[in-house]
Amino acid sequence: MKNLLTFLFGLLFVFSAIADDGAPSRISIFSTSTDWQAVTGLTLNEYNGKFISDKKLVGRGLVLYYLDGFPCYGLGFGVRVWVGPDGRADNDLAIACVAAPTTISFAYRNATRDADQATTTGILTCPVSARGRDLTIDLSDCTVGPDWDKYK
């Protein structure tokens, strides 16, 4: 039995060494199914956000991906929004929050509406004004953070 266990641990070591080719592993992040209201005891409400465009920032188009952060979590159907040069968006932001946020962050990239999905550029942090459960994000008030390669 001892020899069998030694053999199995040896195989495990060999396979892990083979699998580790020196390249960084890719971690997959996906939403949990945690009932945050039950976990925190706090009530979550749905908020919907609309955007006021900024021609300088938007350019030919701006793709925004909402970055989750307590006390808000993105709702799957409303975490990606494309804002066009005419100021119209293809979607509303949809998030669930304990209270209306005062700022929110997005991963962003400039792209036309039908452009292939590509890597985002960096973080865009925006102040939010709220009227009830309706949020307004004025893109001209957002702060552009450093590009991703600056985050080390």
# chains A, B, ... in the order shown; residues from 1 in each chain; ligands from 1
>>> select_by_dssp(residues="range 117-148 of chain A", states="strand (DSSP E or B)", output="JSON, numbers by chain")
{"A": [122, 123, 124, 125, 126, 127, 129, 130, 131, 134, 135, 136, 137, 138, 143, 144, 145, 146, 147]}
>>> write_last_selection(atoms="all heavy atoms", output="short mmCIF file (atom, residue, chain, number, x, y, z; two decimals), in the first residue's frame")
data_model
loop_
_atom_site.label_atom_id
_atom_site.label_comp_id
_atom_site.auth_asym_id
_atom_site.auth_seq_id
_atom_site.Cartn_x
_atom_site.Cartn_y
_atom_site.Cartn_z
N GLY A 122 -7.99 49.88 -20.28
CA GLY A 122 -7.70 50.15 -18.88
C GLY A 122 -8.98 50.47 -18.13
O GLY A 122 -10.06 50.06 -18.55
N ILE A 123 -8.86 51.23 -17.04
CA ILE A 123 -10.00 51.55 -16.20
C ILE A 123 -10.48 52.98 -16.45
O ILE A 123 -9.68 53.90 -16.60
CB ILE A 123 -9.66 51.38 -14.71
CG1 ILE A 123 -9.46 49.91 -14.38
CG2 ILE A 123 -10.74 51.97 -13.81
CD1 ILE A 123 -9.12 49.65 -12.93
N LEU A 124 -11.78 53.12 -16.48
CA LEU A 124 -12.44 54.40 -16.58
C LEU A 124 -13.29 54.54 -15.32
O LEU A 124 -14.15 53.70 -15.06
CB LEU A 124 -13.31 54.42 -17.84
CG LEU A 124 -13.97 55.71 -18.26
CD1 LEU A 124 -12.89 56.73 -18.65
CD2 LEU A 124 -14.90 55.46 -19.44
N THR A 125 -13.05 55.56 -14.51
CA THR A 125 -13.80 55.76 -13.27
C THR A 125 -14.69 56.98 -13.44
O THR A 125 -14.21 58.06 -13.83
CB THR A 125 -12.84 55.95 -12.08
OG1 THR A 125 -11.98 54.81 -12.01
CG2 THR A 125 -13.61 56.09 -10.78
N CYS A 126 -15.97 56.79 -13.15
CA CYS A 126 -16.95 57.82 -13.44
C CYS A 126 -17.81 58.15 -12.22
O CYS A 126 -18.28 57.26 -11.52
CB CYS A 126 -17.89 57.35 -14.54
SG CYS A 126 -17.06 56.82 -16.05
N PRO A 127 -18.05 59.46 -11.98
CA PRO A 127 -19.02 59.83 -10.96
C PRO A 127 -20.43 59.50 -11.48
O PRO A 127 -20.66 59.48 -12.69
CB PRO A 127 -18.83 61.34 -10.78
CG PRO A 127 -18.15 61.79 -12.02
CD PRO A 127 -17.42 60.61 -12.60
N SER A 129 -24.68 60.24 -10.93
CA SER A 129 -25.77 60.95 -10.26
C SER A 129 -26.98 60.03 -10.30
O SER A 129 -27.18 59.28 -11.25
CB SER A 129 -26.06 62.29 -10.93
OG SER A 129 -26.43 62.11 -12.27
N ALA A 130 -27.74 60.05 -9.22
CA ALA A 130 -28.87 59.13 -9.09
C ALA A 130 -30.16 59.90 -8.83
O ALA A 130 -30.18 60.87 -8.08
CB ALA A 130 -28.63 58.15 -7.95
N ARG A 131 -31.21 59.43 -9.47
CA ARG A 131 -32.56 59.91 -9.20
C ARG A 131 -33.40 58.66 -9.01
O ARG A 131 -33.72 57.97 -9.97
CB ARG A 131 -33.07 60.76 -10.36
CG ARG A 131 -34.51 61.21 -10.13
CD ARG A 131 -34.99 62.11 -11.21
NE ARG A 131 -34.55 63.47 -10.88
CZ ARG A 131 -34.49 64.46 -11.73
NH1 ARG A 131 -34.80 64.25 -12.99
NH2 ARG A 131 -34.12 65.65 -11.36
N ASP A 134 -32.64 55.37 -11.06
CA ASP A 134 -32.09 55.72 -12.37
C ASP A 134 -30.77 56.44 -12.17
O ASP A 134 -30.69 57.43 -11.44
CB ASP A 134 -33.06 56.61 -13.14
CG ASP A 134 -34.34 55.90 -13.50
OD1 ASP A 134 -34.28 54.70 -13.84
OD2 ASP A 134 -35.42 56.53 -13.44
N LEU A 135 -29.73 55.92 -12.81
CA LEU A 135 -28.39 56.48 -12.71
C LEU A 135 -28.04 57.19 -14.01
O LEU A 135 -28.44 56.77 -15.09
CB LEU A 135 -27.37 55.38 -12.45
CG LEU A 135 -27.64 54.42 -11.29
CD1 LEU A 135 -26.57 53.33 -11.26
CD2 LEU A 135 -27.68 55.19 -9.99
N THR A 136 -27.27 58.26 -13.88
CA THR A 136 -26.74 58.96 -15.05
C THR A 136 -25.24 59.03 -14.92
O THR A 136 -24.70 59.42 -13.88
CB THR A 136 -27.33 60.38 -15.15
OG1 THR A 136 -28.76 60.29 -15.21
CG2 THR A 136 -26.81 61.09 -16.39
N ILE A 137 -24.56 58.62 -15.99
CA ILE A 137 -23.10 58.65 -16.03
C ILE A 137 -22.71 59.60 -17.16
O ILE A 137 -22.94 59.30 -18.33
CB ILE A 137 -22.50 57.24 -16.28
CG1 ILE A 137 -22.94 56.27 -15.17
CG2 ILE A 137 -20.99 57.31 -16.34
CD1 ILE A 137 -24.01 55.33 -15.59
N ASP A 138 -22.14 60.75 -16.79
CA ASP A 138 -21.68 61.74 -17.78
C ASP A 138 -20.23 61.40 -18.11
O ASP A 138 -19.33 61.58 -17.28
CB ASP A 138 -21.81 63.15 -17.20
CG ASP A 138 -21.47 64.23 -18.21
OD1 ASP A 138 -20.83 63.93 -19.24
OD2 ASP A 138 -21.85 65.39 -17.96
N THR A 143 -12.70 59.78 -15.24
CA THR A 143 -11.24 59.83 -15.17
C THR A 143 -10.68 58.58 -15.84
O THR A 143 -11.06 57.46 -15.48
CB THR A 143 -10.77 59.86 -13.69
OG1 THR A 143 -11.37 60.99 -13.06
CG2 THR A 143 -9.27 59.94 -13.60
N VAL A 144 -9.80 58.80 -16.79
CA VAL A 144 -9.17 57.68 -17.49
C VAL A 144 -7.96 57.24 -16.67
O VAL A 144 -7.06 58.03 -16.40
CB VAL A 144 -8.74 58.09 -18.91
CG1 VAL A 144 -8.00 56.95 -19.60
CG2 VAL A 144 -9.95 58.53 -19.72
N GLY A 145 -7.96 55.98 -16.27
CA GLY A 145 -6.85 55.43 -15.50
C GLY A 145 -5.73 54.97 -16.42
O GLY A 145 -5.85 55.05 -17.66
N PRO A 146 -4.66 54.48 -15.86
CA PRO A 146 -3.54 54.00 -16.68
C PRO A 146 -3.95 52.77 -17.50
O PRO A 146 -4.90 52.08 -17.16
CB PRO A 146 -2.45 53.63 -15.66
CG PRO A 146 -3.07 53.72 -14.32
CD PRO A 146 -4.40 54.36 -14.43
N ASP A 147 -3.21 52.52 -18.56
CA ASP A 147 -3.43 51.32 -19.36
C ASP A 147 -3.09 50.09 -18.51
O ASP A 147 -2.35 50.18 -17.53
CB ASP A 147 -2.56 51.33 -20.61
CG ASP A 147 -3.05 52.35 -21.63
OD1 ASP A 147 -4.15 52.89 -21.45
OD2 ASP A 147 -2.30 52.61 -22.59
#
>>> residues_around(residues="Ser140 in chain A", least_positions_apart="3", cutoff="8 Å", atoms="only C-alpha atoms", output="PyMOL selection string")
chain A and resi 52-54+57
>>> residues_around(residues="range 33-46 of chain A", least_positions_apart="2", cutoff="6 Å", atoms="only C-alpha atoms", output="VMD selection string")
chain A and resid 95 to 98
>>> write_last_selection(atoms="all heavy atoms", output="PDB file, in the first residue's frame")
ATOM      1  N   ILE A  95     -27.291  47.129 -12.765  1.00  0.00           N
ATOM      2  CA  ILE A  95     -26.537  46.671 -11.608  1.00  0.00           C
ATOM      3  C   ILE A  95     -27.469  46.514 -10.415  1.00  0.00           C
ATOM      4  O   ILE A  95     -28.536  47.108 -10.369  1.00  0.00           O
ATOM      5  CB  ILE A  95     -25.359  47.623 -11.265  1.00  0.00           C
ATOM      6  CG1 ILE A  95     -25.850  49.049 -11.027  1.00  0.00           C
ATOM      7  CG2 ILE A  95     -24.321  47.605 -12.369  1.00  0.00           C
ATOM      8  CD1 ILE A  95     -24.743  50.032 -10.641  1.00  0.00           C
ATOM      9  N   ALA A  96     -27.064  45.686  -9.469  1.00  0.00           N
ATOM     10  CA  ALA A  96     -27.794  45.501  -8.217  1.00  0.00           C
ATOM     11  C   ALA A  96     -26.907  46.042  -7.103  1.00  0.00           C
ATOM     12  O   ALA A  96     -25.736  45.675  -7.006  1.00  0.00           O
ATOM     13  CB  ALA A  96     -28.113  44.036  -7.986  1.00  0.00           C
ATOM     14  N   CYS A  97     -27.481  46.933  -6.280  1.00  0.00           N
ATOM     15  CA  CYS A  97     -26.684  47.612  -5.258  1.00  0.00           C
ATOM     16  C   CYS A  97     -27.444  47.708  -3.938  1.00  0.00           C
ATOM     17  O   CYS A  97     -28.669  47.726  -3.913  1.00  0.00           O
ATOM     18  CB  CYS A  97     -26.352  49.042  -5.682  1.00  0.00           C
ATOM     19  SG  CYS A  97     -25.541  49.213  -7.265  1.00  0.00           S
ATOM     20  N   VAL A  98     -26.682  47.845  -2.865  1.00  0.00           N
ATOM     21  CA  VAL A  98     -27.250  48.118  -1.551  1.00  0.00           C
ATOM     22  C   VAL A  98     -27.797  49.545  -1.534  1.00  0.00           C
ATOM     23  O   VAL A  98     -28.850  49.816  -0.986  1.00  0.00           O
ATOM     24  CB  VAL A  98     -26.177  47.935  -0.457  1.00  0.00           C
ATOM     25  CG1 VAL A  98     -26.687  48.419   0.888  1.00  0.00           C
ATOM     26  CG2 VAL A  98     -25.751  46.480  -0.386  1.00  0.00           C
TER      27      VAL A  98
END
>>> atom_distance(atom1="CA of Tyr108 in chain A", atom2="CA of Pro71 in chain A")
21.1 Å
>>> atom_distance(atom1="CA of Tyr47 in chain A", atom2="CA of Ala100 in chain A")
7.4 Å
>>> residues_around(residues="Val79 in chain A", least_positions_apart="4", cutoff="8 Å", atoms="only C-alpha atoms", output="list in words")
Leu64, Tyr65, Tyr66, Gly74, Leu75, Leu93, Ala94 and Ile95 of chain A
